[in-house]
>>> print(open('work.json').read())   # JSON, C-alpha atoms and all ligand atoms
[["chain", "number", "residue", "atom", "x", "y", "z"],
["D", 57, "MET", "CA", 0.00, 0.00, 0.00],
["D", 58, "ILE", "CA", 1.20, 3.52, -0.83],
["D", 59, "ARG", "CA", 0.93, 6.11, 1.94],
["D", 60, "ILE", "CA", 1.59, 9.81, 1.34],
["D", 61, "ARG", "CA", 2.81, 11.67, 4.43],
["D", 62, "PRO", "CA", 4.77, 14.86, 5.24],
["D", 63, "MET", "CA", 8.54, 14.62, 4.65],
["D", 64, "THR", "CA", 10.73, 14.99, 7.74],
["D", 65, "GLU", "CA", 14.45, 15.50, 8.19],
["D", 66, "ALA", "CA", 14.74, 11.80, 9.06],
["D", 67, "ASP", "CA", 13.68, 10.94, 5.49],
["D", 68, "LEU", "CA", 16.47, 12.90, 3.84],
["D", 69, "ASP", "CA", 19.05, 10.10, 3.42],
["D", 70, "ALA", "CA", 16.49, 8.01, 1.54],
["D", 71, "VAL", "CA", 15.20, 11.02, -0.41],
["D", 72, "LEU", "CA", 18.73, 12.07, -1.44],
["D", 73, "ALA", "CA", 19.55, 8.54, -2.62],
["D", 74, "ILE", "CA", 16.51, 8.63, -4.94],
["D", 75, "GLU", "CA", 17.23, 12.20, -6.04],
["D", 76, "GLN", "CA", 20.83, 11.32, -6.96],
["D", 77, "ALA", "CA", 19.73, 8.21, -8.85],
["D", 78, "CYS", "CA", 17.16, 10.21, -10.86],
["D", 79, "PHE", "CA", 18.71, 13.56, -11.74],
["D", 80, "PRO", "CA", 22.06, 14.61, -13.25],
["D", 81, "ARG", "CA", 21.84, 17.87, -11.29],
["D", 82, "ALA", "CA", 20.45, 16.55, -8.04],
["D", 83, "TRP", "CA", 19.05, 18.76, -5.30],
["D", 84, "THR", "CA", 21.30, 18.83, -2.24],
["D", 85, "ARG", "CA", 20.36, 18.20, 1.39],
["D", 86, "GLN", "CA", 20.23, 21.98, 1.78],
["D", 87, "HIS", "CA", 17.57, 22.28, -0.96],
["D", 88, "PHE", "CA", 15.35, 19.80, 0.88],
["D", 89, "LEU", "CA", 16.02, 21.43, 4.26],
["D", 90, "SER", "CA", 14.93, 24.74, 2.71],
["D", 91, "GLU", "CA", 11.72, 23.11, 1.45],
["D", 92, "LEU", "CA", 11.04, 21.64, 4.91],
["D", 93, "ALA", "CA", 11.40, 25.15, 6.39],
["D", 94, "ALA", "CA", 9.61, 27.11, 3.63],
["D", 95, "PRO", "CA", 6.29, 28.68, 4.69],
["D", 96, "HIS", "CA", 4.68, 27.87, 1.32],
["D", 97, "GLY", "CA", 6.40, 24.51, 0.87],
["D", 98, "THR", "CA", 4.77, 21.15, 1.38],
["D", 99, "PRO", "CA", 7.24, 18.32, 0.79],
["D", 100, "VAL", "CA", 5.77, 14.81, 1.12],
["D", 101, "VAL", "CA", 7.06, 11.27, 0.76],
["D", 102, "ALA", "CA", 5.31, 8.20, -0.64],
["D", 103, "GLU", "CA", 5.92, 5.28, 1.68],
["D", 104, "GLN", "CA", 5.55, 1.69, 0.53],
["D", 105, "ASP", "CA", 6.00, -1.21, 2.95],
["D", 106, "GLY", "CA", 7.41, 1.24, 5.50],
["D", 107, "ARG", "CA", 10.16, 2.66, 3.29],
["D", 108, "VAL", "CA", 10.46, 5.86, 1.29],
["D", 109, "ALA", "CA", 9.64, 5.01, -2.33],
["D", 110, "GLY", "CA", 9.29, 8.53, -3.74],
["D", 111, "TYR", "CA", 8.67, 12.15, -2.87],
["D", 112, "LEU", "CA", 7.19, 15.38, -4.15],
["D", 113, "CYS", "CA", 7.86, 19.01, -3.21],
["D", 114, "LEU", "CA", 4.89, 21.32, -3.77],
["D", 115, "SER", "CA", 4.66, 25.06, -3.26],
["D", 116, "VAL", "CA", 1.35, 26.95, -3.11],
["D", 117, "ILE", "CA", 1.41, 30.74, -3.31],
["D", 118, "MET", "CA", -1.89, 32.59, -3.67],
["D", 119, "ASP", "CA", -3.86, 30.77, -6.37],
["D", 120, "GLU", "CA", -0.86, 29.08, -8.01],
["D", 121, "ALA", "CA", 0.68, 25.76, -7.06],
["D", 122, "GLU", "CA", 3.98, 24.45, -8.40],
["D", 123, "ILE", "CA", 5.59, 21.03, -8.31],
["D", 124, "LEU", "CA", 9.25, 21.81, -7.63],
["D", 125, "ASP", "CA", 10.59, 18.26, -7.51],
["D", 126, "VAL", "CA", 9.17, 14.75, -7.84],
["D", 127, "ALA", "CA", 10.87, 11.37, -8.19],
["D", 128, "VAL", "CA", 10.33, 7.68, -7.52],
["D", 129, "ASP", "CA", 12.98, 5.10, -6.59],
["D", 130, "PRO", "CA", 14.10, 3.67, -9.98],
["D", 131, "ALA", "CA", 13.59, 0.13, -8.64],
["D", 132, "LEU", "CA", 9.94, 0.91, -7.87],
["D", 133, "GLN", "CA", 8.98, 2.96, -10.91],
["D", 134, "ARG", "CA", 5.98, 2.08, -13.05],
["D", 135, "SER", "CA", 3.97, 0.72, -10.12],
["D", 136, "GLY", "CA", 1.67, 3.71, -9.51],
["D", 137, "ILE", "CA", 3.73, 5.68, -6.98],
["D", 138, "GLY", "CA", 4.26, 8.73, -9.23],
["D", 139, "ALA", "CA", 0.54, 8.80, -10.02],
["D", 140, "ALA", "CA", -0.31, 8.58, -6.30],
["D", 141, "LEU", "CA", 1.97, 11.57, -5.61],
["D", 142, "LEU", "CA", 0.31, 13.57, -8.41],
["D", 143, "VAL", "CA", -3.20, 12.74, -7.16],
["D", 144, "TRP", "CA", -2.12, 13.99, -3.74],
["D", 145, "ALA", "CA", -0.61, 17.20, -5.23],
["D", 146, "CYS", "CA", -3.77, 17.98, -7.23],
["D", 147, "ASP", "CA", -6.04, 17.36, -4.22],
["D", 148, "TYR", "CA", -3.89, 19.38, -1.84],
["D", 149, "ALA", "CA", -3.53, 22.31, -4.26],
["D", 150, "ARG", "CA", -7.31, 22.37, -4.84],
["D", 151, "LYS", "CA", -7.95, 22.36, -1.08],
["D", 152, "GLN", "CA", -5.63, 25.38, -0.81],
["D", 153, "ARG", "CA", -7.83, 27.02, -3.48],
["D", 154, "ALA", "CA", -5.11, 27.05, -6.13],
["D", 155, "GLN", "CA", -6.50, 27.55, -9.64],
["D", 156, "VAL", "CA", -3.53, 26.15, -11.51],
["D", 157, "LEU", "CA", -0.77, 23.61, -10.94],
["D", 158, "ARG", "CA", 2.50, 24.29, -12.79],
["D", 159, "LEU", "CA", 5.76, 22.46, -13.29],
["D", 160, "GLU", "CA", 8.91, 22.38, -15.39],
["D", 161, "VAL", "CA", 10.21, 19.19, -16.96],
["D", 162, "ARG", "CA", 13.21, 18.20, -19.08],
["D", 163, "ALA", "CA", 12.02, 17.74, -22.66],
["D", 164, "SER", "CA", 13.98, 14.45, -22.59],
["D", 165, "SER", "CA", 12.04, 13.02, -19.58],
["D", 166, "LYS", "CA", 9.55, 10.90, -21.56],
["D", 167, "PRO", "CA", 8.15, 8.96, -18.54],
["D", 168, "ALA", "CA", 7.46, 12.18, -16.65],
["D", 169, "ILE", "CA", 5.87, 13.87, -19.68],
["D", 170, "SER", "CA", 3.61, 10.82, -20.24],
["D", 171, "LEU", "CA", 2.56, 10.92, -16.60],
["D", 172, "TYR", "CA", 1.75, 14.65, -16.75],
["D", 173, "GLU", "CA", -0.17, 14.33, -20.02],
["D", 174, "ARG", "CA", -2.23, 11.58, -18.45],
["D", 175, "PHE", "CA", -3.16, 14.02, -15.69],
["D", 176, "GLY", "CA", -4.25, 16.69, -18.18],
["D", 177, "PHE", "CA", -1.23, 18.99, -18.04],
["D", 178, "VAL", "CA", -0.77, 21.08, -21.19],
["D", 179, "ARG", "CA", 2.31, 22.88, -22.49],
["D", 180, "SER", "CA", 2.40, 26.57, -21.60],
["D", 181, "GLY", "CA", 6.00, 27.47, -22.43],
["D", 182, "LEU", "CA", 9.51, 26.43, -23.34],
["D", 183, "ARG", "CA", 12.94, 27.41, -21.99],
["D", 184, "LYS", "CA", 15.53, 26.61, -24.64],
["D", 185, "ALA", "CA", 18.65, 24.79, -23.43],
["D", 186, "TYR", "CA", 17.70, 25.39, -19.79],
["D", 187, "TYR", "CA", 19.15, 22.11, -18.50],
["D", 188, "GLU", "CA", 22.50, 20.34, -18.85],
["D", 189, "HIS", "CA", 23.64, 19.33, -22.38],
["D", 190, "GLY", "CA", 21.34, 21.93, -23.92],
["D", 191, "ILE", "CA", 18.16, 20.08, -22.93],
["D", 192, "ASP", "CA", 15.04, 22.28, -23.14],
["D", 193, "ALA", "CA", 12.65, 22.82, -20.22],
["D", 194, "LEU", "CA", 8.95, 22.39, -20.98],
["D", 195, "LEU", "CA", 6.58, 24.41, -18.82],
["D", 196, "LEU", "CA", 3.35, 22.53, -18.18],
["D", 197, "ASP", "CA", 0.11, 23.71, -16.55],
["D", 198, "LYS", "CA", -3.00, 22.01, -15.28],
["D", 199, "LYS", "CA", -6.16, 23.94, -14.44],
["D", 200, "LEU", "CA", -7.67, 22.78, -11.16],
["D", 201, "ASN", "CA", -11.42, 22.91, -11.68],
["D", 202, "GLU", "CA", -13.91, 21.39, -9.30],
["D", 203, "GLU", "CA", -15.28, 19.20, -12.10],
["D", 204, "ASP", "CA", -11.82, 17.92, -12.95],
["D", 205, "VAL", "CA", -11.47, 14.18, -12.56],
["D", 206, "ASP", "CA", -7.93, 12.89, -12.37],
["D", 207, "ALA", "CA", -7.06, 10.09, -14.70],
["D", 208, "VAL", "CA", -5.63, 7.69, -12.13],
["W", 301, "LIG", "C1", 8.25, 10.43, -13.65],
["W", 301, "LIG", "C2", 8.18, 9.45, -12.48],
["W", 301, "LIG", "C3", 8.07, 10.25, -11.18],
["W", 301, "LIG", "C4", 6.93, 8.57, -12.66],
["W", 301, "LIG", "O1", 6.81, 7.76, -11.50],
["W", 301, "LIG", "P1", 6.23, 6.26, -11.56],
["W", 301, "LIG", "O2", 5.96, 5.82, -10.17],
["W", 301, "LIG", "O3", 7.14, 5.40, -12.35],
["W", 301, "LIG", "O4", 4.88, 6.48, -12.37],
["W", 301, "LIG", "P2", 3.57, 5.56, -12.34],
["W", 301, "LIG", "O5", 3.94, 4.13, -12.18],
["W", 301, "LIG", "O6", 2.62, 6.12, -11.35],
["W", 301, "LIG", "O7", 3.02, 5.78, -13.81],
["W", 301, "LIG", "C5", 1.79, 6.46, -14.07],
["W", 301, "LIG", "C6", 1.71, 6.71, -15.56],
["W", 301, "LIG", "O8", 2.76, 7.57, -16.03],
["W", 301, "LIG", "C7", 3.17, 7.15, -17.34],
["W", 301, "LIG", "N1", 4.54, 6.59, -17.27],
["W", 301, "LIG", "C8", 5.28, 6.39, -16.17],
["W", 301, "LIG", "N2", 6.50, 5.86, -16.52],
["W", 301, "LIG", "C9", 6.49, 5.74, -17.85],
["W", 301, "LIG", "C10", 7.45, 5.26, -18.80],
["W", 301, "LIG", "N3", 8.65, 4.79, -18.42],
["W", 301, "LIG", "N4", 7.12, 5.29, -20.11],
["W", 301, "LIG", "C11", 5.93, 5.75, -20.53],
["W", 301, "LIG", "N5", 4.95, 6.20, -19.67],
["W", 301, "LIG", "C12", 5.25, 6.20, -18.35],
["W", 301, "LIG", "C13", 2.19, 6.07, -17.74],
["W", 301, "LIG", "O9", 1.06, 6.69, -18.32],
["W", 301, "LIG", "C14", 1.85, 5.46, -16.39],
["W", 301, "LIG", "O10", 0.65, 4.75, -16.37],
["W", 301, "LIG", "P3", 0.67, 3.16, -16.75],
["W", 301, "LIG", "O11", 1.79, 2.53, -15.97],
["W", 301, "LIG", "O12", -0.69, 2.71, -16.32],
["W", 301, "LIG", "O13", 0.90, 3.12, -18.22],
["W", 301, "LIG", "C15", 9.43, 8.53, -12.47],
["W", 301, "LIG", "O14", 9.61, 7.96, -13.76],
["W", 301, "LIG", "C16", 10.71, 9.23, -12.06],
["W", 301, "LIG", "O15", 11.01, 9.37, -10.89],
["W", 301, "LIG", "N6", 11.50, 9.66, -13.06],
["W", 301, "LIG", "C17", 12.80, 10.29, -12.79],
["W", 301, "LIG", "C18", 12.64, 11.66, -12.18],
["W", 301, "LIG", "C19", 11.80, 12.60, -13.03],
["W", 301, "LIG", "O16", 11.93, 12.66, -14.25],
["W", 301, "LIG", "N7", 10.96, 13.38, -12.34],
["W", 301, "LIG", "C20", 10.10, 14.35, -12.97],
["W", 301, "LIG", "C21", 10.76, 15.67, -12.91],
["W", 301, "LIG", "S1", 9.71, 16.93, -13.60]]
>>> encode(input="work.json", output="structure tokens")
Amino acid sequence: MIRIRPMTEADLDAVLAIEQACFPRAWTRQHFLSELAAPHGTPVVAEQDGRVAGYLCLSVIMDEAEILDVAVDPALQRSGIGAALLVWACDYARKQRAQVLRLEVRASSKPAISLYERFGFVRSGLRKAYYEHGIDALLLDKKLNEEDVDAV
């Protein structure tokens, strides 16, 4: 069973191991500590069988929410954990009365883009060569309407 709960400092070794396995320019411990302390930040972990399987950092400011970071342990990918984190993010952002959920993704991250498309995110912008090796950043948005039904 997947359980979404607030991230704590005690989770950071596990979170950093996943982060480093998933991203060429990984967030540092300090990035996550800043998220834990941020007034608008809501970092959560997805726990499976008592261990950290993934995490998501969400920020909600006024009526805009943004996913700042999300990843799943490579050994546990494609088993619904990323979708569970996105369902949580959409629900939480709606409860905070956000109208839109935004994120930035590497144009090369096909699994992530598939996941976001499945949740109804649409492209709202492009930052050319924003990431390492000249990889573009896609800016994606999802409107958070009451009638919205998430795909998963
Ligand atoms: C993107 C990521 C978080 C998805 O997590 P996940 O737990 O593997 O995703 P799920 O198992 O919940 O998949 C849900 C849906 O996303 C899509 N998806 C996920 N992985 C996919 C892949 N490798 N190829 C194609 N579609 C994929 C599918 O539509 C999938 O539904 P399905 O399995 O029923 O076909 C994970 O691949 C990851 O951590 N990637 C590295 C870090 C990253 O790129 N983060 C995003 C930064 S913006």
>>> closest_residue(input="work.json", among="D:Leu89, D:Leu72, D:Ala77, D:Ile137", to="ligand LIG 301 (chain W)", atoms="only C-alpha atoms and all ligand atoms")
D:Ile137
>>> closest_residue(input="work.json", among="D:Gln104, D:Ser165, D:Gln152, D:Ser115", to="Ala140 of chain D", atoms="all atoms listed in the file")
D:Gln104
>>> residues_around(input="work.json", residues="Val100 of chain D", least_positions_apart="5", cutoff="7 Å", atoms="only C-alpha atoms", output="PyMOL selection string")
chain D and resi 60-63+111-113
>>> closest_atom_pairs(input="work.json", of="chain D", to="ligand LIG 301 (chain W)", cutoff="9 Å", atoms="only C-alpha atoms and all ligand atoms", output="tab-separated table")
residue	atom	partner	partner_atom	distance
D:Ile74	CA	W:LIG301	O15	8.1
D:Glu75	CA	W:LIG301	C18	7.7
D:Ala77	CA	W:LIG301	C17	8.2
D:Cys78	CA	W:LIG301	C17	4.8
D:Phe79	CA	W:LIG301	C18	6.4
D:Ala109	CA	W:LIG301	O2	8.7
D:Gly110	CA	W:LIG301	O15	7.4
D:Tyr111	CA	W:LIG301	C3	8.5
D:Leu112	CA	W:LIG301	C3	8.7
D:Ile123	CA	W:LIG301	S1	7.9
D:Leu124	CA	W:LIG301	S1	7.7
D:Asp125	CA	W:LIG301	C21	6.0
D:Val126	CA	W:LIG301	N7	5.0
D:Ala127	CA	W:LIG301	O15	3.4
D:Val128	CA	W:LIG301	O15	3.8
D:Asp129	CA	W:LIG301	O15	6.4
D:Pro130	CA	W:LIG301	O15	6.5
D:Leu132	CA	W:LIG301	O2	6.7
D:Gln133	CA	W:LIG301	O3	3.4
D:Arg134	CA	W:LIG301	O5	3.0
D:Ser135	CA	W:LIG301	O5	4.0
D:Gly136	CA	W:LIG301	O6	3.2
D:Ile137	CA	W:LIG301	O2	3.9
D:Gly138	CA	W:LIG301	O2	3.5
D:Ala139	CA	W:LIG301	O6	3.6
D:Ala140	CA	W:LIG301	O6	6.3
D:Leu141	CA	W:LIG301	O6	7.9
D:Leu142	CA	W:LIG301	O6	8.3
D:Leu159	CA	W:LIG301	S1	6.8
D:Glu160	CA	W:LIG301	S1	5.8
D:Val161	CA	W:LIG301	S1	4.1
D:Arg162	CA	W:LIG301	S1	6.6
D:Ser164	CA	W:LIG301	O16	8.8
D:Ser165	CA	W:LIG301	O16	5.3
D:Lys166	CA	W:LIG301	N4	6.3
D:Pro167	CA	W:LIG301	C9	3.7
D:Ala168	CA	W:LIG301	C1	3.6
D:Ile169	CA	W:LIG301	C1	7.3
D:Ser170	CA	W:LIG301	C7	4.7
D:Leu171	CA	W:LIG301	O8	3.4
D:Tyr172	CA	W:LIG301	O8	7.2
D:Glu173	CA	W:LIG301	O9	7.9
D:Arg174	CA	W:LIG301	O9	5.9
D:Phe175	CA	W:LIG301	O8	8.8
D:Val208	CA	W:LIG301	C5	7.8
>>> closest_residue(input="work.json", among="D:Ala66, D:Glu188, D:Asp119, D:Ala145", to="Ala82 of chain D", atoms="all atoms listed in the file")
D:Glu188
>>> closest_residue(input="work.json", among="D:Ala163, D:Ala149, D:Leu182, D:Ala73", to="Lys198 of chain D", atoms="all atoms listed in the file")
D:Ala149
>>> residues_near_point(input="work.json", point="(-7.2, 24.3, -6.2)", cutoff="10 Å", atoms="all atoms listed in the file", output="ChimeraX atom specification")
/D:116,119-121,145-157,199-202
>>> atom_distance(input="work.json", atom1="atom CA of Leu195 of chain D", atom2="atom CA of Arg158 of chain D")
7.3 Å
>>> atom_distance(input="work.json", atom1="atom CA of Glu65 of chain D", atom2="atom CA of Ala131 of chain D")
22.8 Å
>>> atom_distance(input="work.json", atom1="atom CA of Gly181 of chain D", atom2="atom CA of Val143 of chain D")
23.1 Å
>>> closest_residue(input="work.json", among="D:Asp105, D:Glu91, D:Asp192, D:Asp197", to="Ile58 of chain D", atoms="only C-alpha atoms")
D:Asp105
>>> closest_residue(input="work.json", among="D:Leu196, D:Ile117, D:Ala70, D:Ala94", to="Phe177 of chain D", atoms="all atoms listed in the file")
D:Leu196
